[in-house]
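*Asks:* Let me give you the structure first, and then I'll get to my questions.
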Amino acid sequence: MSGPVPLLVNRGGGAAAAQSEALEDEIRKAFADAGISIDLQFFPGEGMADAVAKVAGRKLVVIGGGDGTLGSAAGALAEAGSTLGILPLGTRNHLARELGIPLELPEAAKLIADGPQRRIDLGRVNGQVFVNNASIGFYPDLVQQREGIKLPRKLAAILAAAAALRRMRHRRLRLTMPGGEENIVTPMLFVGNNRYVLEAGRLGQRAALDDGVLSVYAVASRRRLALIGFAIRALIGRTDPDRDFAAIGDVSELCVTGPKRCIHVALDGEVKSLAVPLAFTLDSRALSVIAPLEEPT
């Protein structure tokens, strides 16, 4: 590698916020031990997009953060032809786990030094990139409620869940897909970058990251008491695929319209207000990423 590798860290991300000052020393040691010279910079979440734009086009750019941070960087890196190296410093690190990237810093740095590359798909809605999924309805409401509560994350999540449950309502949406239209009434629409598995023990995982499809699911419409049951199961990771979800299908593109001019959409956990109609597309194998060549089983 010629010159130091840009390494940009979201200082507000899960692990970065928790480890604070010790994290910088850990990162520098991990990459020194792996034999990689780095240009390490920390940014607040809102400053990451500008920071990524400045280094996009470099052969390799390493991003430290969670899924939302990776999603915000992925589009610019893909368009510039850069390869993404991942330091999993978020709360859940779904993409890193599915790619088989080690969660410990020394092992993640060694993987980046070894340099195996693969290409994965990127989802987009109105031009905004998501690496995992996008959702409308209950989940964006939950995230917004949580961000407005200035308490420790776990306590804030509990209070936000209670508030989101009180406000939970059905959305009337029209879905236009290749082959036809469908009108639905649902508390939450979920669009996955590739096909999510709906089976016990693997819910929330994907069979592949380069199959070139968007998977569309709606939470089954039902009365309020049953919806509260769904919300509680969702929060603890115990949803019932047969009871809770209606699979709409795998599509190459999707247009969503509704009664409002703007809709809140959660992209990899980050909420944005987007103008209707929502145009979902998929960029097949658009992003080069350092990861083991075979997906973990």
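Following the order of the structure tokens, chains are lettered A, B, ..., residues in each are numbered from 1, and ligands are numbered from 1.
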Can you write out as a tab-separated table which residues of stretch 68-152 of chain A fall within 9 Å of stretch 40-58 of chain A, alongside each residue's closest atom pair and its distance in Å to one decimal, counting only C-alpha atoms and ordering rows by chain and ascending residue number?
*Replies:*
```
residue	atom	partner	partner_atom	distance
A:Thr69	CA	A:Gly45	CA	7.4
A:Ser72	CA	A:Ala49	CA	6.6
A:Ala73	CA	A:Val52	CA	6.2
A:Ala76	CA	A:Ala56	CA	6.4
A:Leu77	CA	A:Ala56	CA	5.3
A:Ala78	CA	A:Ala56	CA	8.6
A:Glu79	CA	A:Ala56	CA	8.4
A:Ala80	CA	A:Gly57	CA	4.7
A:Gly81	CA	A:Gly57	CA	6.0
A:Ser82	CA	A:Gly57	CA	5.3
A:Thr83	CA	A:Arg58	CA	8.1
```
*Asks:* Let me see the file: selected residues, N, CA and C atoms, as a compact mmCIF listing (two decimals), in the first residue's frame.
*Replies:*
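Contents of the output file out14.txt:
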```txt
# COMPACT_ATOMS: atom_id res chain seq x y z
N THR A 69 -23.07 4.16 9.96
CA THR A 69 -21.85 4.82 9.50
C THR A 69 -21.36 4.20 8.20
N SER A 72 -23.56 5.22 5.31
CA SER A 72 -23.36 6.61 4.87
C SER A 72 -22.10 6.77 4.04
N ALA A 73 -21.13 5.87 4.23
CA ALA A 73 -19.86 5.95 3.49
C ALA A 73 -19.87 5.12 2.22
N ALA A 76 -20.39 6.75 -1.58
CA ALA A 76 -19.29 7.56 -2.10
C ALA A 76 -18.09 6.68 -2.45
N LEU A 77 -17.81 5.67 -1.61
CA LEU A 77 -16.66 4.80 -1.88
C LEU A 77 -16.90 3.94 -3.12
N ALA A 78 -18.14 3.44 -3.27
CA ALA A 78 -18.46 2.63 -4.44
C ALA A 78 -18.33 3.44 -5.72
N GLU A 79 -18.86 4.66 -5.71
CA GLU A 79 -18.82 5.50 -6.91
C GLU A 79 -17.39 5.89 -7.27
N ALA A 80 -16.51 6.02 -6.27
CA ALA A 80 -15.12 6.41 -6.53
C ALA A 80 -14.21 5.22 -6.81
N GLY A 81 -14.73 4.00 -6.64
CA GLY A 81 -13.92 2.82 -6.90
C GLY A 81 -13.01 2.42 -5.76
N SER A 82 -13.26 2.94 -4.56
CA SER A 82 -12.45 2.58 -3.39
C SER A 82 -12.92 1.26 -2.80
N THR A 83 -12.01 0.55 -2.18
CA THR A 83 -12.36 -0.64 -1.41
C THR A 83 -12.58 -0.24 0.04
```
*Asks:* Near A:Ser284, within 9 Å and counting only C-alpha atoms, which residues show up once chain neighbours fewer than 5 positions away are dropped, as a list in words?
*Replies:*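 Listing them by chain and then by number gives Arg119, Ile120, Asp121, Leu122, Gly123, Asp210, Asp211, Gly212 and Val213 of chain A.
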*Asks:* Residues near stretch 3-6 of chain A, anyone? I mean within 8 Å using only C-alpha atoms, not counting same-chain ones fewer than 4 positions away, as a ChimeraX atom specification.
*Replies:* /A:36-41,55,60-62
*Asks:* Since we have the selection now, will you write its residues out, keeping C-alpha atoms, as a short mmCIF file (atom, residue, chain, number, x, y, z; two decimals), in the first residue's frame?
*Replies:*
```cif
data_model
loop_
_atom_site.label_atom_id
_atom_site.label_comp_id
_atom_site.auth_asym_id
_atom_site.auth_seq_id
_atom_site.Cartn_x
_atom_site.Cartn_y
_atom_site.Cartn_z
CA ILE A 36 -0.30 -1.09 8.11
CA SER A 37 0.48 2.63 8.28
CA ILE A 38 -2.73 4.58 8.93
CA ASP A 39 -3.95 8.17 8.90
CA LEU A 40 -6.36 7.91 11.84
CA GLN A 41 -9.05 10.56 12.22
CA VAL A 55 -10.68 10.41 0.73
CA LEU A 60 -8.46 1.51 0.39
CA VAL A 61 -10.47 3.45 2.97
CA VAL A 62 -11.15 1.99 6.42
#
```
*Asks:* So that I can see what lies close to A:Val276, please list as a ChimeraX atom specification the residues with an atom at most 7 Å from it, counting only C-alpha atoms and leaving out residues fewer than 2 positions away in the same chain.
*Replies:* /A:257,261-263,274,278
*Asks:* Could you write those residues out with C-alpha atoms, as a short mmCIF file (atom, residue, chain, number, x, y, z; two decimals), in the first residue's frame?
*Replies:*
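Done, and the output landed in out-v3.cif:
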```cif
data_model
loop_
_atom_site.label_atom_id
_atom_site.label_comp_id
_atom_site.auth_asym_id
_atom_site.auth_seq_id
_atom_site.Cartn_x
_atom_site.Cartn_y
_atom_site.Cartn_z
CA THR A 257 -46.43 5.99 -2.22
CA ARG A 261 -45.58 14.12 0.98
CA CYS A 262 -42.69 12.90 3.14
CA ILE A 263 -42.10 9.65 5.01
CA LEU A 274 -37.63 11.42 2.32
CA LEU A 278 -39.92 6.42 -2.49
#
```
*Asks:* Atom CA of A:Leu105 and atom CA of A:Arg206 are how many Å apart?
*Replies:*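 Atom CA of A:Arg206 lies 24.2 Å from atom CA of A:Leu105.
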*Asks:* Work out how far atom CA of A:Glu253 is from atom CA of A:Asn133, in Å to one decimal.
*Replies:*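 Going from atom CA of A:Asn133 over to atom CA of A:Glu253 covers 13.9 Å.
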*Asks:* Find, counting only C-alpha atoms, the residue in A:Leu8, A:Ile86, A:Gly192, A:Val216 that gets nearest to A:Met177.
*Replies:* A:Val216
*Asks:* Using only C-alpha atoms, which protein or nucleic acid residues come within 12 Å of A:Leu95? Drop anything in the same chain fewer than 6 positions from it, and give the result as a PyMOL selection string.
*Replies:* chain A and resi 65-71+74+85-89+101-103+120-122+130-133+193+204-206+208-209+268+289+291+295
*Asks:* DSSP on the backbone: what in stretch 22-220 of chain A comes out alpha helix (DSSP H), as JSON, numbers by chain?
*Replies:* {"A": [22, 23, 24, 25, 26, 27, 28, 29, 30, 31, 32, 33, 34, 48, 49, 50, 51, 52, 53, 54, 55, 67, 68, 69, 70, 71, 72, 73, 74, 75, 76, 77, 78, 79, 80, 94, 95, 96, 97, 98, 99, 105, 106, 107, 108, 109, 110, 111, 112, 113, 114, 138, 139, 140, 141, 142, 143, 144, 145, 146, 147, 153, 154, 155, 156, 157, 158, 159, 160, 161, 162, 163, 164, 165, 166, 167]}
*Asks:* Pick out the residues sitting within 10 Å of A:Asp114, and hand them over as a list in words; count only C-alpha atoms, and ignore anything fewer than 6 positions along from it in its own chain.
*Replies:*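 The residues that qualify are Ala34, Ala108, Ile290, Ala291 and Pro292 of chain A.
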*Asks:* Show which residues sit within 8 Å of A:Lys110, as a PyMOL selection string. Count only C-alpha atoms, and ignore same-chain residues fewer than 3 positions away.
*Replies:* chain A and resi 30-31+34+106-107+113-114
*Asks:* Would you mind reading off the distance between atom CA of A:Ala220 and atom CA of A:Thr186, one decimal, in Å?
*Replies:*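 These atoms are spaced 6.3 Å apart.
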